[in-house]
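Structure file upload-v6.pdb (PDB, C-alpha atoms) is printed below.
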```pdb
ATOM      1  CA  MET A  27       0.000   0.000   0.000
ATOM      2  CA  SER A  28       1.441   3.402  -0.959
ATOM      3  CA  CYS A  29       1.747   6.292   1.507
ATOM      4  CA  PRO A  30      -1.229   8.246   0.044
ATOM      5  CA  GLN A  31      -3.390   5.114   0.344
ATOM      6  CA  ARG A  32      -2.335   4.657   3.976
ATOM      7  CA  SER A  33      -3.262   8.278   4.727
ATOM      8  CA  LEU A  34      -6.659   7.817   3.081
ATOM      9  CA  THR A  35      -7.220   4.584   4.990
ATOM     10  CA  ALA A  36      -6.327   6.275   8.281
ATOM     11  CA  ALA A  37      -8.658   9.194   7.524
ATOM     12  CA  LEU A  38     -11.480   6.841   6.645
ATOM     13  CA  ALA A  39     -10.908   4.846   9.833
ATOM     14  CA  VAL A  40     -11.386   8.034  11.853
ATOM     15  CA  SER A  41     -14.604   8.739   9.901
ATOM     16  CA  LEU A  42     -15.883   5.230  10.606
ATOM     17  CA  CYS A  43     -15.160   5.431  14.323
ATOM     18  CA  ALA A  44     -16.926   8.800  14.530
ATOM     19  CA  ALA A  45     -19.959   7.485  12.642
ATOM     20  CA  LEU A  46     -20.177   4.367  14.809
ATOM     21  CA  ALA A  47     -19.884   6.458  17.975
ATOM     22  CA  GLN A  48     -22.783   8.612  16.760
ATOM     23  CA  GLY A  49     -24.867   5.511  15.997
ATOM     24  CA  ALA A  50     -25.395   6.230  12.288
ATOM     25  CA  PRO A  51     -28.945   5.176  11.349
ATOM     26  CA  LEU A  52     -29.309   1.903   9.473
ATOM     27  CA  ASP A  53     -31.634   3.244   6.791
ATOM     28  CA  GLU A  54     -29.456   6.229   5.896
ATOM     29  CA  PRO A  55     -25.738   5.333   5.966
ATOM     30  CA  SER A  56     -23.432   8.230   6.795
ATOM     31  CA  GLU A  57     -21.270   9.739   4.077
ATOM     32  CA  GLY A  58     -17.960   7.873   3.898
ATOM     33  CA  THR A  59     -19.025   5.117   6.307
ATOM     34  CA  PRO A  60     -17.827   2.418   6.682
ATOM     35  CA  LEU A  61     -14.333   2.150   5.316
ATOM     36  CA  ALA A  62     -12.038  -0.310   3.624
ATOM     37  CA  GLU A  63      -8.606  -1.802   4.109
ATOM     38  CA  LEU A  64      -7.274  -3.536   7.166
ATOM     39  CA  PRO A  65      -4.694  -6.309   6.976
ATOM     40  CA  ALA A  66      -6.070  -9.787   6.395
ATOM     41  CA  ALA A  67      -6.015 -12.301   9.206
ATOM     42  CA  GLU A  68      -2.957 -14.493   9.540
ATOM     43  CA  SER A  69      -2.822 -17.455   7.215
ATOM     44  CA  GLY A  70      -4.386 -20.520   8.768
ATOM     45  CA  SER A  71      -6.410 -18.637  11.348
ATOM     46  CA  SER A  72     -10.097 -19.390  11.655
ATOM     47  CA  PRO A  73     -12.828 -16.830  10.855
ATOM     48  CA  ALA A  74     -13.701 -16.761  14.577
ATOM     49  CA  LYS A  75     -10.129 -15.801  15.534
ATOM     50  CA  ALA A  76     -10.096 -13.128  12.825
ATOM     51  CA  ALA A  77     -13.392 -11.617  14.017
ATOM     52  CA  ALA A  78     -12.191  -9.682  17.076
ATOM     53  CA  PRO A  79      -9.848  -7.237  15.314
ATOM     54  CA  HIS A  80     -12.462  -6.659  12.619
ATOM     55  CA  ALA A  81     -15.479  -6.175  14.881
ATOM     56  CA  TRP A  82     -15.732  -2.566  13.650
ATOM     57  CA  LEU A  83     -16.975  -4.102  10.386
ATOM     58  CA  THR A  84     -18.497  -7.478  11.266
ATOM     59  CA  GLU A  85     -20.534  -6.018  14.139
ATOM     60  CA  HIS A  86     -21.630  -2.879  12.275
ATOM     61  CA  PRO A  87     -25.466  -2.727  12.365
ATOM     62  CA  THR A  88     -25.761  -2.484   8.583
ATOM     63  CA  ILE A  89     -23.539  -5.530   8.014
ATOM     64  CA  GLN A  90     -25.431  -7.450  10.711
ATOM     65  CA  SER A  91     -28.712  -6.525   9.010
ATOM     66  CA  LEU A  92     -27.449  -7.792   5.633
ATOM     67  CA  VAL A  93     -26.483 -11.125   7.211
ATOM     68  CA  ALA A  94     -29.792 -11.457   9.098
ATOM     69  CA  LEU A  95     -31.861 -10.635   6.008
ATOM     70  CA  THR A  96     -29.827 -13.082   3.914
ATOM     71  CA  ASN A  97     -30.387 -15.804   6.509
ATOM     72  CA  GLN A  98     -34.141 -15.057   6.601
ATOM     73  CA  GLN A  99     -34.246 -15.537   2.846
ATOM     74  CA  ARG A 100     -32.234 -18.765   3.065
ATOM     75  CA  ALA A 101     -34.572 -20.093   5.781
ATOM     76  CA  ARG A 102     -37.524 -19.662   3.403
ATOM     77  CA  TYR A 103     -35.837 -22.269   1.186
ATOM     78  CA  GLY A 104     -34.916 -24.602   4.044
ATOM     79  CA  LEU A 105     -31.231 -23.680   3.849
ATOM     80  CA  PRO A 106     -28.919 -23.283   6.845
ATOM     81  CA  PRO A 107     -27.768 -19.789   7.814
ATOM     82  CA  VAL A 108     -24.507 -18.412   6.472
ATOM     83  CA  ALA A 109     -21.801 -17.437   8.939
ATOM     84  CA  ILE A 110     -20.143 -14.048   8.683
ATOM     85  CA  ASP A 111     -16.482 -14.275   7.634
ATOM     86  CA  PRO A 112     -14.360 -11.282   8.702
ATOM     87  CA  ARG A 113     -11.817 -11.707   5.903
ATOM     88  CA  MET A 114     -14.587 -11.867   3.312
ATOM     89  CA  CYS A 115     -16.149  -8.752   4.879
ATOM     90  CA  LEU A 116     -12.830  -6.946   4.530
ATOM     91  CA  ALA A 117     -12.573  -7.940   0.856
ATOM     92  CA  ALA A 118     -16.200  -6.878   0.240
ATOM     93  CA  GLN A 119     -15.625  -3.597   2.080
ATOM     94  CA  LYS A 120     -12.462  -2.885   0.126
ATOM     95  CA  HIS A 121     -14.304  -3.398  -3.170
ATOM     96  CA  ALA A 122     -17.335  -1.324  -2.113
ATOM     97  CA  THR A 123     -14.991   1.488  -1.099
ATOM     98  CA  TRP A 124     -13.076   1.269  -4.370
ATOM     99  CA  MET A 125     -16.288   1.437  -6.417
ATOM    100  CA  ALA A 126     -17.531   4.436  -4.412
ATOM    101  CA  GLN A 127     -14.204   6.266  -4.655
ATOM    102  CA  THR A 128     -13.775   5.670  -8.387
ATOM    103  CA  GLY A 129     -17.419   5.662  -9.479
ATOM    104  CA  VAL A 130     -16.686   2.431 -11.385
ATOM    105  CA  TYR A 131     -19.406  -0.188 -10.945
ATOM    106  CA  GLN A 132     -17.956  -3.626 -11.656
ATOM    107  CA  HIS A 133     -17.308  -7.001 -10.093
ATOM    108  CA  SER A 134     -14.057  -7.496  -8.199
ATOM    109  CA  ASN A 135     -12.793 -10.638  -9.947
ATOM    110  CA  LEU A 136     -11.974 -12.226  -6.576
ATOM    111  CA  GLY A 137     -12.874 -15.625  -7.984
ATOM    112  CA  ILE A 138     -15.747 -16.334  -5.597
ATOM    113  CA  PRO A 139     -19.492 -15.746  -6.012
ATOM    114  CA  GLU A 140     -20.178 -12.041  -5.621
ATOM    115  CA  ILE A 141     -23.198  -9.742  -5.750
ATOM    116  CA  ILE A 142     -22.930  -5.974  -6.150
ATOM    117  CA  PHE A 143     -25.505  -3.189  -6.195
ATOM    118  CA  GLN A 144     -25.385   0.573  -6.566
ATOM    119  CA  GLY A 145     -28.194   2.799  -5.404
ATOM    120  CA  PRO A 146     -30.256   1.431  -2.515
ATOM    121  CA  ARG A 147     -29.898   3.490   0.648
ATOM    122  CA  SER A 148     -30.697   0.697   3.104
ATOM    123  CA  ALA A 149     -29.748  -2.912   3.738
ATOM    124  CA  PRO A 150     -33.346  -4.158   3.256
ATOM    125  CA  ALA A 151     -33.571  -2.375  -0.109
ATOM    126  CA  ALA A 152     -30.261  -3.898  -1.258
ATOM    127  CA  ILE A 153     -31.381  -7.389  -0.205
ATOM    128  CA  GLN A 154     -34.753  -6.950  -1.947
ATOM    129  CA  GLY A 155     -32.992  -5.886  -5.132
ATOM    130  CA  TRP A 156     -30.766  -8.950  -5.040
ATOM    131  CA  ILE A 157     -33.768 -11.193  -4.370
ATOM    132  CA  ALA A 158     -35.527  -9.716  -7.430
ATOM    133  CA  SER A 159     -32.627 -10.805  -9.663
ATOM    134  CA  PRO A 160     -32.618 -14.591 -10.237
ATOM    135  CA  ALA A 161     -28.839 -14.677 -10.756
ATOM    136  CA  HIS A 162     -28.112 -12.667  -7.595
ATOM    137  CA  HIS A 163     -30.723 -14.560  -5.591
ATOM    138  CA  SER A 164     -29.127 -17.900  -6.484
ATOM    139  CA  ILE A 165     -25.783 -16.599  -5.206
ATOM    140  CA  MET A 166     -27.461 -15.529  -1.939
ATOM    141  CA  LEU A 167     -28.687 -19.097  -1.527
ATOM    142  CA  SER A 168     -25.213 -20.596  -2.096
ATOM    143  CA  GLY A 169     -22.302 -21.216   0.213
ATOM    144  CA  HIS A 170     -21.904 -21.339   3.968
ATOM    145  CA  ARG A 171     -19.931 -18.166   4.658
ATOM    146  CA  VAL A 172     -20.576 -14.554   3.713
ATOM    147  CA  GLY A 173     -18.865 -11.198   3.735
ATOM    148  CA  PHE A 174     -20.635  -7.893   3.154
ATOM    149  CA  GLY A 175     -19.416  -4.350   2.699
ATOM    150  CA  TYR A 176     -20.914  -1.023   1.674
ATOM    151  CA  MET A 177     -19.814   2.554   1.140
ATOM    152  CA  VAL A 178     -21.536   5.897   0.641
ATOM    153  CA  ILE A 179     -19.684   8.687  -1.145
ATOM    154  CA  GLY A 180     -21.227  11.647  -2.941
ATOM    155  CA  GLY A 181     -24.715  10.411  -2.107
ATOM    156  CA  ARG A 182     -24.099   7.120  -3.940
ATOM    157  CA  THR A 183     -24.254   3.829  -2.043
ATOM    158  CA  TYR A 184     -22.382   0.752  -3.230
ATOM    159  CA  TRP A 185     -23.064  -2.724  -1.799
ATOM    160  CA  VAL A 186     -20.978  -5.912  -2.103
ATOM    161  CA  GLY A 187     -21.735  -9.447  -0.933
ATOM    162  CA  LEU A 188     -19.275 -12.342  -1.176
ATOM    163  CA  PHE A 189     -20.358 -15.959  -0.726
ATOM    164  CA  ARG A 190     -18.260 -19.097  -0.285
TER     165      ARG A 190
END
```

Before anything else, please render the file you have as structure tokens.
Amino acid sequence: MSCPQRSLTAALAVSLCAALAQGAPLDEPSEGTPLAELPAAESGSSPAKAAAPHAWLTEHPTIQSLVALTNQQRARYGLPPVAIDPRMCLAAQKHATWMAQTGVYQHSNLGIPEIIFQGPRSAPAAIQGWIASPAHHSIMLSGHRVGFGYMVIGGRTYWVGLFR
């Protein structure tokens, strides 16, 4: 990561902490919240061990809502719930942040099933949009682990879901 990227990441981390402290409402994400890059968990560590340092993301109310709504949808089809994966959340958050910063709406090419959305201002609206798309809905019903991320910049909200 270059020095300018580190500075941006540090500035965004401060923005995220401030937004979380203020209890940003779920239906109207705060500008620039949440943020992107933190180092990945050590190789070989379990998702549970990786969760604690990334609680700022995995325990964010919007991310928790995305997981809960996904699991409600899966339950309707008799499928087990997905577990949140901190490393996948970090990858999803990084991509959502990149799309918001660049204005480029495209898949990440991470090599795992991914759903993206630009526009909805709430987690329920993003989930409903994905449900309405057969291709995205089938991805929501796949896998056992999930990572979500989202970013709001310039009034535009970008959503990313990764499934494995």

Which distance in Å separates CA of Ile138 (chain A) and CA of Ala126 (chain A), to one decimal?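 Result for CA of Ile138 (chain A) versus CA of Ala126 (chain A): 20.9 Å, one decimal.
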
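Counting from CA of Trp156 (chain A), the distance to CA of Arg113 (chain A) is 22.1 Å.
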
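When only C-alpha atoms are used to compute distances to Val186 (chain A), the closest of the residues A:His133, A:His86, A:His80, A:Arg102 turns out to be A:His133.
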
Within 10 Å of (-19.1, -16.6, 1.2) (file coordinates; all atoms listed in the file), which protein or nucleic acid residues are there? I'd like them as JSON, numbers by chain. {"A": [108, 109, 110, 111, 113, 114, 115, 138, 139, 140, 165, 166, 168, 169, 170, 171, 172, 173, 174, 187, 188, 189, 190]}

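Interatomic distance, CA of Trp185 (chain A) to CA of Ile142 (chain A): 5.4 Å.
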